[in-house]
Amino acid sequence: MRSTVRTVSLDLATPLRISRSVMTRRDAVWVSIEHEGVTGHGEVVASTHLATTARRARRDLMEHVAPALARHPDPLSGPVDPGADLALPPDVPAGVLAAVDAALLDLRGKIEGRPVHRLLSGSDPAGPPPS
């Protein structure tokens, strides 16, 4: 599996106003994981509250995640908990792990031709009865 990382700046449609500041833009890091021509996508958004900067997320994805993915040639070989066996350092932020899991689940779903919610639950979620 091969991964690529891209940092983007996202303009918020509506500014986020809190008591100490106004936020109009967020930095995000997009990760794409490719296997045999199919690509899955994930994203981590910088958060001062969670101590995750775009720079840190990008570094962790490039230095820790990319080599771990390169050691796993087949995204279908593991369980549906995709990032569980990557053996990443314990201080990798949760947002980075979530982005990797999202990209791997997206990739697996595309390869299997199933939506991610079916990968996770095995069935359609129950909805309200028809009226």
# chains A, B, ... in the order shown; residues from 1 in each chain; ligands from 1
>>> select_by_dssp(residues="range 17-92 of chain A", states="strand (DSSP E)", output="list in words")
Arg17, Ile18, Ser21, Val22, Met23, Thr24, Arg25, Arg26, Asp27, Ala28, Val29, Trp30, Val31, Ser32, Ile33, Glu34, His35, Val38, Thr39, Gly40, His41, Gly42, Glu43, Val44 and Val45 of chain A
>>> residues_around(residues="range 43-51 of chain A", least_positions_apart="6", cutoff="10 Å", atoms="only C-alpha atoms", output="list of chain:residue names")
A:Val5, A:Arg6, A:Thr7, A:Val8, A:Ser9, A:Leu10, A:Arg26, A:Asp27, A:Ala28, A:Val29, A:Trp30, A:Val31, A:Ser32, A:Ala57, A:Arg58, A:Pro93, A:Ala94, A:Gly95, A:Val96, A:Leu97, A:Ala98, A:Ala99, A:Val100, A:Asp101, A:Ala102, A:Ala103
>>> write_last_selection(atoms="N, CA and C atoms", output="JSON list (two decimals), in the first residue's frame")
[["chain", "number", "residue", "atom", "x", "y", "z"],
["A", 5, "VAL", "N", 0.15, 12.35, 1.34],
["A", 5, "VAL", "CA", -0.32, 13.29, 2.35],
["A", 5, "VAL", "C", -0.35, 14.68, 1.73],
["A", 6, "ARG", "N", -1.43, 15.41, 2.02],
["A", 6, "ARG", "CA", -1.57, 16.77, 1.49],
["A", 6, "ARG", "C", -2.17, 17.66, 2.57],
["A", 7, "THR", "N", -1.57, 18.82, 2.78],
["A", 7, "THR", "CA", -2.09, 19.79, 3.75],
["A", 7, "THR", "C", -2.89, 20.85, 3.00],
["A", 8, "VAL", "N", -4.08, 21.14, 3.51],
["A", 8, "VAL", "CA", -4.95, 22.14, 2.89],
["A", 8, "VAL", "C", -5.47, 23.08, 3.97],
["A", 9, "SER", "N", -5.85, 24.27, 3.54],
["A", 9, "SER", "CA", -6.47, 25.24, 4.44],
["A", 9, "SER", "C", -7.94, 25.35, 4.05],
["A", 10, "LEU", "N", -8.82, 25.12, 5.00],
["A", 10, "LEU", "CA", -10.25, 25.11, 4.75],
["A", 10, "LEU", "C", -10.89, 26.39, 5.30],
["A", 26, "ARG", "N", -9.51, 26.53, 9.04],
["A", 26, "ARG", "CA", -8.90, 25.39, 9.73],
["A", 26, "ARG", "C", -7.93, 24.74, 8.78],
["A", 27, "ASP", "N", -6.81, 24.29, 9.31],
["A", 27, "ASP", "CA", -5.86, 23.50, 8.52],
["A", 27, "ASP", "C", -6.23, 22.03, 8.65],
["A", 28, "ALA", "N", -6.16, 21.34, 7.54],
["A", 28, "ALA", "CA", -6.46, 19.91, 7.52],
["A", 28, "ALA", "C", -5.35, 19.17, 6.78],
["A", 29, "VAL", "N", -5.17, 17.92, 7.15],
["A", 29, "VAL", "CA", -4.22, 17.06, 6.45],
["A", 29, "VAL", "C", -5.01, 15.90, 5.90],
["A", 30, "TRP", "N", -4.93, 15.73, 4.60],
["A", 30, "TRP", "CA", -5.63, 14.65, 3.92],
["A", 30, "TRP", "C", -4.65, 13.52, 3.66],
["A", 31, "VAL", "N", -5.06, 12.31, 3.98],
["A", 31, "VAL", "CA", -4.24, 11.14, 3.69],
["A", 31, "VAL", "C", -4.99, 10.27, 2.69],
["A", 32, "SER", "N", -4.27, 9.83, 1.68],
["A", 32, "SER", "CA", -4.83, 8.91, 0.68],
["A", 32, "SER", "C", -3.99, 7.65, 0.69],
["A", 57, "ALA", "N", 0.57, 16.36, 12.48],
["A", 57, "ALA", "CA", -0.19, 15.30, 11.81],
["A", 57, "ALA", "C", 0.55, 14.85, 10.55],
["A", 58, "ARG", "N", 1.02, 15.82, 9.77],
["A", 58, "ARG", "CA", 1.76, 15.50, 8.54],
["A", 58, "ARG", "C", 3.02, 14.70, 8.85],
["A", 93, "PRO", "N", -1.28, 11.22, 17.71],
["A", 93, "PRO", "CA", -2.59, 11.76, 18.11],
["A", 93, "PRO", "C", -3.76, 10.93, 17.58],
["A", 94, "ALA", "N", -4.82, 10.92, 18.36],
["A", 94, "ALA", "CA", -6.02, 10.16, 18.00],
["A", 94, "ALA", "C", -6.59, 10.60, 16.65],
["A", 95, "GLY", "N", -6.51, 11.89, 16.34],
["A", 95, "GLY", "CA", -7.01, 12.37, 15.06],
["A", 95, "GLY", "C", -6.27, 11.78, 13.88],
["A", 96, "VAL", "N", -4.97, 11.58, 14.04],
["A", 96, "VAL", "CA", -4.17, 10.96, 12.98],
["A", 96, "VAL", "C", -4.58, 9.50, 12.82],
["A", 97, "LEU", "N", -4.76, 8.80, 13.93],
["A", 97, "LEU", "CA", -5.19, 7.40, 13.87],
["A", 97, "LEU", "C", -6.56, 7.28, 13.21],
["A", 98, "ALA", "N", -7.46, 8.22, 13.54],
["A", 98, "ALA", "CA", -8.80, 8.20, 12.96],
["A", 98, "ALA", "C", -8.74, 8.45, 11.45],
["A", 99, "ALA", "N", -7.85, 9.34, 11.01],
["A", 99, "ALA", "CA", -7.71, 9.61, 9.58],
["A", 99, "ALA", "C", -7.21, 8.37, 8.84],
["A", 100, "VAL", "N", -6.27, 7.66, 9.44],
["A", 100, "VAL", "CA", -5.74, 6.44, 8.83],
["A", 100, "VAL", "C", -6.83, 5.37, 8.79],
["A", 101, "ASP", "N", -7.55, 5.20, 9.88],
["A", 101, "ASP", "CA", -8.64, 4.21, 9.90],
["A", 101, "ASP", "C", -9.70, 4.55, 8.84],
["A", 102, "ALA", "N", -10.05, 5.84, 8.73],
["A", 102, "ALA", "CA", -11.05, 6.24, 7.73],
["A", 102, "ALA", "C", -10.56, 5.93, 6.32],
["A", 103, "ALA", "N", -9.29, 6.22, 6.04],
["A", 103, "ALA", "CA", -8.74, 5.95, 4.70],
["A", 103, "ALA", "C", -8.70, 4.46, 4.42]]
>>> select_by_dssp(residues="range 11-128 of chain A", states="helix (DSSP H, G or I)", output="ChimeraX atom specification")
/A:54-70,94-112,116-121
>>> decode(residues="range 15-36 of chain A", atoms="N, CA, C and O atoms", output="JSON list (two decimals), in the first residue's frame")
[["chain", "number", "residue", "atom", "x", "y", "z"],
["A", 15, "PRO", "N", -18.05, 31.65, 10.35],
["A", 15, "PRO", "CA", -17.00, 31.75, 11.36],
["A", 15, "PRO", "C", -17.45, 31.12, 12.69],
["A", 15, "PRO", "O", -18.61, 31.25, 13.09],
["A", 16, "LEU", "N", -16.53, 30.45, 13.33],
["A", 16, "LEU", "CA", -16.79, 29.84, 14.64],
["A", 16, "LEU", "C", -16.38, 30.86, 15.71],
["A", 16, "LEU", "O", -15.21, 31.20, 15.83],
["A", 17, "ARG", "N", -17.35, 31.36, 16.46],
["A", 17, "ARG", "CA", -17.09, 32.37, 17.47],
["A", 17, "ARG", "C", -17.23, 31.75, 18.86],
["A", 17, "ARG", "O", -18.25, 31.15, 19.18],
["A", 18, "ILE", "N", -16.17, 31.91, 19.65],
["A", 18, "ILE", "CA", -16.21, 31.51, 21.05],
["A", 18, "ILE", "C", -15.73, 32.69, 21.88],
["A", 18, "ILE", "O", -15.34, 33.73, 21.32],
["A", 19, "SER", "N", -15.73, 32.58, 23.20],
["A", 19, "SER", "CA", -15.43, 33.72, 24.06],
["A", 19, "SER", "C", -14.05, 34.32, 23.83],
["A", 19, "SER", "O", -13.86, 35.52, 23.98],
["A", 20, "ARG", "N", -13.09, 33.53, 23.43],
["A", 20, "ARG", "CA", -11.73, 34.04, 23.32],
["A", 20, "ARG", "C", -11.24, 34.28, 21.89],
["A", 20, "ARG", "O", -10.16, 34.82, 21.68],
["A", 21, "SER", "N", -12.03, 33.87, 20.88],
["A", 21, "SER", "CA", -11.54, 34.03, 19.52],
["A", 21, "SER", "C", -12.64, 33.80, 18.49],
["A", 21, "SER", "O", -13.73, 33.34, 18.82],
["A", 22, "VAL", "N", -12.28, 34.11, 17.25],
["A", 22, "VAL", "CA", -13.13, 33.81, 16.10],
["A", 22, "VAL", "C", -12.27, 33.04, 15.11],
["A", 22, "VAL", "O", -11.16, 33.47, 14.78],
["A", 23, "MET", "N", -12.77, 31.91, 14.66],
["A", 23, "MET", "CA", -12.02, 31.09, 13.73],
["A", 23, "MET", "C", -12.72, 31.12, 12.37],
["A", 23, "MET", "O", -13.92, 30.87, 12.29],
["A", 24, "THR", "N", -11.98, 31.45, 11.33],
["A", 24, "THR", "CA", -12.54, 31.50, 9.98],
["A", 24, "THR", "C", -11.92, 30.45, 9.06],
["A", 24, "THR", "O", -12.38, 30.26, 7.95],
["A", 25, "ARG", "N", -10.88, 29.80, 9.54],
["A", 25, "ARG", "CA", -10.14, 28.85, 8.71],
["A", 25, "ARG", "C", -9.57, 27.74, 9.58],
["A", 25, "ARG", "O", -9.22, 27.97, 10.72],
["A", 26, "ARG", "N", -9.51, 26.53, 9.04],
["A", 26, "ARG", "CA", -8.90, 25.39, 9.73],
["A", 26, "ARG", "C", -7.93, 24.74, 8.78],
["A", 26, "ARG", "O", -8.18, 24.62, 7.58],
["A", 27, "ASP", "N", -6.81, 24.29, 9.31],
["A", 27, "ASP", "CA", -5.86, 23.50, 8.52],
["A", 27, "ASP", "C", -6.23, 22.03, 8.65],
["A", 27, "ASP", "O", -6.58, 21.56, 9.74],
["A", 28, "ALA", "N", -6.16, 21.34, 7.54],
["A", 28, "ALA", "CA", -6.46, 19.91, 7.52],
["A", 28, "ALA", "C", -5.35, 19.17, 6.78],
["A", 28, "ALA", "O", -4.69, 19.73, 5.90],
["A", 29, "VAL", "N", -5.17, 17.92, 7.15],
["A", 29, "VAL", "CA", -4.22, 17.06, 6.45],
["A", 29, "VAL", "C", -5.01, 15.90, 5.90],
["A", 29, "VAL", "O", -5.71, 15.20, 6.65],
["A", 30, "TRP", "N", -4.93, 15.73, 4.60],
["A", 30, "TRP", "CA", -5.63, 14.65, 3.92],
["A", 30, "TRP", "C", -4.65, 13.52, 3.66],
["A", 30, "TRP", "O", -3.54, 13.75, 3.18],
["A", 31, "VAL", "N", -5.06, 12.31, 3.98],
["A", 31, "VAL", "CA", -4.24, 11.14, 3.69],
["A", 31, "VAL", "C", -4.99, 10.27, 2.69],
["A", 31, "VAL", "O", -6.20, 10.06, 2.83],
["A", 32, "SER", "N", -4.27, 9.83, 1.68],
["A", 32, "SER", "CA", -4.83, 8.91, 0.68],
["A", 32, "SER", "C", -3.99, 7.65, 0.69],
["A", 32, "SER", "O", -2.75, 7.73, 0.69],
["A", 33, "ILE", "N", -4.65, 6.51, 0.71],
["A", 33, "ILE", "CA", -3.96, 5.22, 0.71],
["A", 33, "ILE", "C", -4.40, 4.47, -0.53],
["A", 33, "ILE", "O", -5.60, 4.25, -0.74],
["A", 34, "GLU", "N", -3.42, 4.09, -1.35],
["A", 34, "GLU", "CA", -3.70, 3.46, -2.64],
["A", 34, "GLU", "C", -3.21, 2.02, -2.64],
["A", 34, "GLU", "O", -2.15, 1.69, -2.10],
["A", 35, "HIS", "N", -4.03, 1.15, -3.23],
["A", 35, "HIS", "CA", -3.68, -0.26, -3.40],
["A", 35, "HIS", "C", -4.25, -0.73, -4.73],
["A", 35, "HIS", "O", -5.47, -0.68, -4.93],
["A", 36, "GLU", "N", -3.38, -1.13, -5.63],
["A", 36, "GLU", "CA", -3.76, -1.66, -6.94],
["A", 36, "GLU", "C", -4.77, -0.77, -7.67],
["A", 36, "GLU", "O", -5.79, -1.24, -8.18]]
